[in-house]
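Data first, discussion second: the structure below is written as structure tokens.
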Amino acid sequence: KILLKLALNNLKRNRTQTFITFVGITLSVMLITSIFTLFFSFYSTMRNNLIESEGEWHYRYMDIEVSQKSVLDAKPNIKATYPMIYFSEGKASEDPNGKYQLQLFETDQNGFKYAPIQLVEGKFPSNPDELLINDILIKLYPEVFQIGKVFNIDLGIVDGSTFEITRNDTKRFTITGSYRGEPSGVPSYFVYTYSDIASMNPTEKITLFVIEKQISSSMVTKAKDYTYSFTESPIV
């Protein structure tokens with residue numbers, strides 16, 4: 001109590017110095033708090049922008065077997081996995097002279113949730129005969145691409161200069177929705193359908209994206225360790 005009274009008396013005697021010290025401490029705390037707030041805000045903005053442009057994933061496996069997806073899904077530190085399978089090039093059968101290419105990809109519900117695919121209208125595909133298209137296609141070719149329309153895609157190799165297709169198969173789809181596309185100088189558009197992993201050949205090769213529950217310094221090491229049970233050399 002004596003020390004407390006002595007301290008209070010000294011503070012009262014030196015009011016100007018006390019006030020300057022108090023203001024200095026307050027400003028220092030505000031400055032440090034502002035720096036940390038700006039840092040974490042900037043980090044969060046960068047992270048969200050990256051997720052929006054590249055999708056949410058921490059690492060991916062190239063050319064692993066379908067059967068290994070269930071192995072990864074069972075790991076306690078894995079939040080989610082999703083495949084992104086390139087199926088084929090193609091063109092709409094109703095538009096053989098159209099100057100564009102369709103790049104058909106397959107993914108599952110996690111892919112539609114975590115990949116950089118922003119739904120604009122309609123809904124995501126939920127079975128293999130449904131299709132999600134780039135909204136730019138609706139704007140450029142409204143007579144061919146409309147939500148709810150059932151149409152055929154000629155699958156094969158599309159010549160990038162003449163846009164003629166060497167067809168090797170035809171598949172029928174229903175357009176269920178559109179996603180936000182960015183204009184580009186290349187008339188090639190990604191379209192997505194649902195991938196039924198359970199019905200695929202267990203030995204078929206796919207690209208698998210992995211999201212962990214928590215980012216850690218050992219994440220890359222653990223990712224490589226998983227691959228030793230899949231292949232002779234790690235692929236990340």
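Letters for chains follow the order of the structure tokens (A, B, ...), residue numbers begin at 1 for each chain, and ligand numbers begin at 1 in the order shown.
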Go through region 39-108 of chain A and flag each residue having an atom no more than 10 Å from region 171-189 of chain A; for those, report the closest pair of atoms plus their distance in Å to one decimal, using only C-alpha atoms, ordered by chain and rising number, as a tab-separated table.
```
residue	atom	partner	partner_atom	distance
A:Glu89	CA	A:Ser188	CA	9.4
A:Gly90	CA	A:Lys171	CA	9.8
A:Ala92	CA	A:Lys171	CA	9.8
A:Ser93	CA	A:Lys171	CA	9.5
A:Gly98	CA	A:Pro187	CA	10.0
A:Lys99	CA	A:Pro187	CA	7.0
A:Tyr100	CA	A:Pro187	CA	4.8
A:Gln101	CA	A:Ser188	CA	4.5
A:Leu102	CA	A:Tyr189	CA	5.1
A:Gln103	CA	A:Tyr189	CA	5.9
A:Leu104	CA	A:Tyr189	CA	8.6
```
Hey, can you spit out that residue selection with all heavy atoms as a PDB file, in the first residue's frame?
```pdb
ATOM      1  N   GLU A  89     -12.038 -33.568 -75.709  1.00  0.00           N
ATOM      2  CA  GLU A  89     -12.459 -32.379 -76.439  1.00  0.00           C
ATOM      3  C   GLU A  89     -13.785 -32.683 -77.121  1.00  0.00           C
ATOM      4  O   GLU A  89     -14.216 -33.829 -77.194  1.00  0.00           O
ATOM      5  CB  GLU A  89     -11.426 -32.000 -77.506  1.00  0.00           C
ATOM      6  CG  GLU A  89     -10.106 -31.516 -76.967  1.00  0.00           C
ATOM      7  CD  GLU A  89      -9.153 -31.120 -78.082  1.00  0.00           C
ATOM      8  OE1 GLU A  89      -9.551 -31.143 -79.254  1.00  0.00           O
ATOM      9  OE2 GLU A  89      -8.000 -30.778 -77.770  1.00  0.00           O
ATOM     10  N   GLY A  90     -14.435 -31.646 -77.625  1.00  0.00           N
ATOM     11  CA  GLY A  90     -15.677 -31.895 -78.330  1.00  0.00           C
ATOM     12  C   GLY A  90     -16.317 -30.624 -78.852  1.00  0.00           C
ATOM     13  O   GLY A  90     -15.818 -29.518 -78.657  1.00  0.00           O
ATOM     14  N   ALA A  92     -20.618 -29.170 -79.920  1.00  0.00           N
ATOM     15  CA  ALA A  92     -22.044 -29.479 -79.929  1.00  0.00           C
ATOM     16  C   ALA A  92     -22.437 -30.042 -81.292  1.00  0.00           C
ATOM     17  O   ALA A  92     -22.078 -29.481 -82.333  1.00  0.00           O
ATOM     18  CB  ALA A  92     -22.865 -28.231 -79.617  1.00  0.00           C
ATOM     19  N   SER A  93     -23.158 -31.165 -81.294  1.00  0.00           N
ATOM     20  CA  SER A  93     -23.576 -31.785 -82.556  1.00  0.00           C
ATOM     21  C   SER A  93     -24.450 -30.846 -83.378  1.00  0.00           C
ATOM     22  O   SER A  93     -24.418 -30.858 -84.607  1.00  0.00           O
ATOM     23  CB  SER A  93     -24.337 -33.087 -82.267  1.00  0.00           C
ATOM     24  OG  SER A  93     -23.550 -33.985 -81.534  1.00  0.00           O
ATOM     25  N   GLY A  98     -19.472 -24.264 -85.593  1.00  0.00           N
ATOM     26  CA  GLY A  98     -19.109 -23.298 -84.557  1.00  0.00           C
ATOM     27  C   GLY A  98     -17.602 -23.197 -84.381  1.00  0.00           C
ATOM     28  O   GLY A  98     -16.881 -24.194 -84.453  1.00  0.00           O
ATOM     29  N   LYS A  99     -17.114 -21.990 -84.157  1.00  0.00           N
ATOM     30  CA  LYS A  99     -15.679 -21.747 -84.021  1.00  0.00           C
ATOM     31  C   LYS A  99     -15.258 -21.789 -82.553  1.00  0.00           C
ATOM     32  O   LYS A  99     -14.896 -20.784 -81.946  1.00  0.00           O
ATOM     33  CB  LYS A  99     -15.316 -20.389 -84.646  1.00  0.00           C
ATOM     34  CG  LYS A  99     -15.758 -20.227 -86.094  1.00  0.00           C
ATOM     35  CD  LYS A  99     -15.083 -21.265 -87.000  1.00  0.00           C
ATOM     36  CE  LYS A  99     -15.473 -21.079 -88.458  1.00  0.00           C
ATOM     37  NZ  LYS A  99     -14.870 -22.096 -89.338  1.00  0.00           N
ATOM     38  N   TYR A 100     -15.320 -22.955 -81.967  1.00  0.00           N
ATOM     39  CA  TYR A 100     -14.950 -23.102 -80.568  1.00  0.00           C
ATOM     40  C   TYR A 100     -14.607 -24.558 -80.278  1.00  0.00           C
ATOM     41  O   TYR A 100     -14.889 -25.469 -81.076  1.00  0.00           O
ATOM     42  CB  TYR A 100     -16.082 -22.653 -79.647  1.00  0.00           C
ATOM     43  CG  TYR A 100     -17.361 -23.434 -79.857  1.00  0.00           C
ATOM     44  CD1 TYR A 100     -17.561 -24.655 -79.235  1.00  0.00           C
ATOM     45  CD2 TYR A 100     -18.359 -22.953 -80.706  1.00  0.00           C
ATOM     46  CE1 TYR A 100     -18.716 -25.386 -79.449  1.00  0.00           C
ATOM     47  CE2 TYR A 100     -19.515 -23.679 -80.928  1.00  0.00           C
ATOM     48  CZ  TYR A 100     -19.685 -24.886 -80.292  1.00  0.00           C
ATOM     49  OH  TYR A 100     -20.820 -25.615 -80.517  1.00  0.00           O
ATOM     50  N   GLN A 101     -13.976 -24.769 -79.137  1.00  0.00           N
ATOM     51  CA  GLN A 101     -13.708 -26.105 -78.613  1.00  0.00           C
ATOM     52  C   GLN A 101     -14.335 -26.223 -77.228  1.00  0.00           C
ATOM     53  O   GLN A 101     -14.362 -25.259 -76.466  1.00  0.00           O
ATOM     54  CB  GLN A 101     -12.196 -26.351 -78.476  1.00  0.00           C
ATOM     55  CG  GLN A 101     -11.429 -26.377 -79.774  1.00  0.00           C
ATOM     56  CD  GLN A 101      -9.925 -26.431 -79.514  1.00  0.00           C
ATOM     57  OE1 GLN A 101      -9.405 -25.681 -78.707  1.00  0.00           O
ATOM     58  NE2 GLN A 101      -9.244 -27.323 -80.198  1.00  0.00           N
ATOM     59  N   LEU A 102     -14.835 -27.390 -76.921  1.00  0.00           N
ATOM     60  CA  LEU A 102     -15.299 -27.694 -75.572  1.00  0.00           C
ATOM     61  C   LEU A 102     -14.305 -28.655 -74.934  1.00  0.00           C
ATOM     62  O   LEU A 102     -13.956 -29.675 -75.532  1.00  0.00           O
ATOM     63  CB  LEU A 102     -16.691 -28.334 -75.604  1.00  0.00           C
ATOM     64  CG  LEU A 102     -17.811 -27.510 -76.238  1.00  0.00           C
ATOM     65  CD1 LEU A 102     -19.119 -28.297 -76.210  1.00  0.00           C
ATOM     66  CD2 LEU A 102     -17.987 -26.167 -75.542  1.00  0.00           C
ATOM     67  N   GLN A 103     -13.834 -28.293 -73.751  1.00  0.00           N
ATOM     68  CA  GLN A 103     -12.934 -29.169 -72.991  1.00  0.00           C
ATOM     69  C   GLN A 103     -13.740 -29.763 -71.840  1.00  0.00           C
ATOM     70  O   GLN A 103     -14.113 -29.056 -70.909  1.00  0.00           O
ATOM     71  CB  GLN A 103     -11.739 -28.376 -72.464  1.00  0.00           C
ATOM     72  CG  GLN A 103     -10.951 -27.633 -73.529  1.00  0.00           C
ATOM     73  CD  GLN A 103     -10.081 -28.559 -74.352  1.00  0.00           C
ATOM     74  OE1 GLN A 103      -9.814 -29.697 -73.968  1.00  0.00           O
ATOM     75  NE2 GLN A 103      -9.641 -28.068 -75.504  1.00  0.00           N
ATOM     76  N   LEU A 104     -14.039 -31.052 -71.938  1.00  0.00           N
ATOM     77  CA  LEU A 104     -14.933 -31.699 -70.980  1.00  0.00           C
ATOM     78  C   LEU A 104     -14.148 -32.293 -69.805  1.00  0.00           C
ATOM     79  O   LEU A 104     -13.241 -33.101 -70.006  1.00  0.00           O
ATOM     80  CB  LEU A 104     -15.733 -32.797 -71.673  1.00  0.00           C
ATOM     81  CG  LEU A 104     -16.737 -33.582 -70.826  1.00  0.00           C
ATOM     82  CD1 LEU A 104     -17.783 -32.646 -70.232  1.00  0.00           C
ATOM     83  CD2 LEU A 104     -17.409 -34.666 -71.658  1.00  0.00           C
TER      84      LEU A 104
END
```
* To do: Enumerate as a ChimeraX atom specification all residues of region 5-201 of chain A assigned to helix (DSSP H, G or I) by DSSP on the backbone, naming them with the chain letters and numbers the document uses.
  => /A:5-13,15-54,68-73,109-114,135-140,197-199
* Step one, run DSSP on the backbone; step two, keep only residues of region 75-195 of chain A assigned to strand (DSSP E); then write them as a ChimeraX atom specification. => /A:78-83,85-92,101-107,119-122,130-134,150-158,165-179,188-194
* Asked: What is the CA of Lys69 (chain A)-CA of Ile85 (chain A) distance in Å, reported with one decimal?
  -> 13.3 Å
* Asked: With only C-alpha atoms as the basis for distance, which of A:Asn127, A:Ser88, A:Thr26, A:Thr33 is at the shortest distance from Val191 (chain A)?
  ->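 Among the listed residues, the smallest separation from Val191 (chain A) belongs to A:Ser88.
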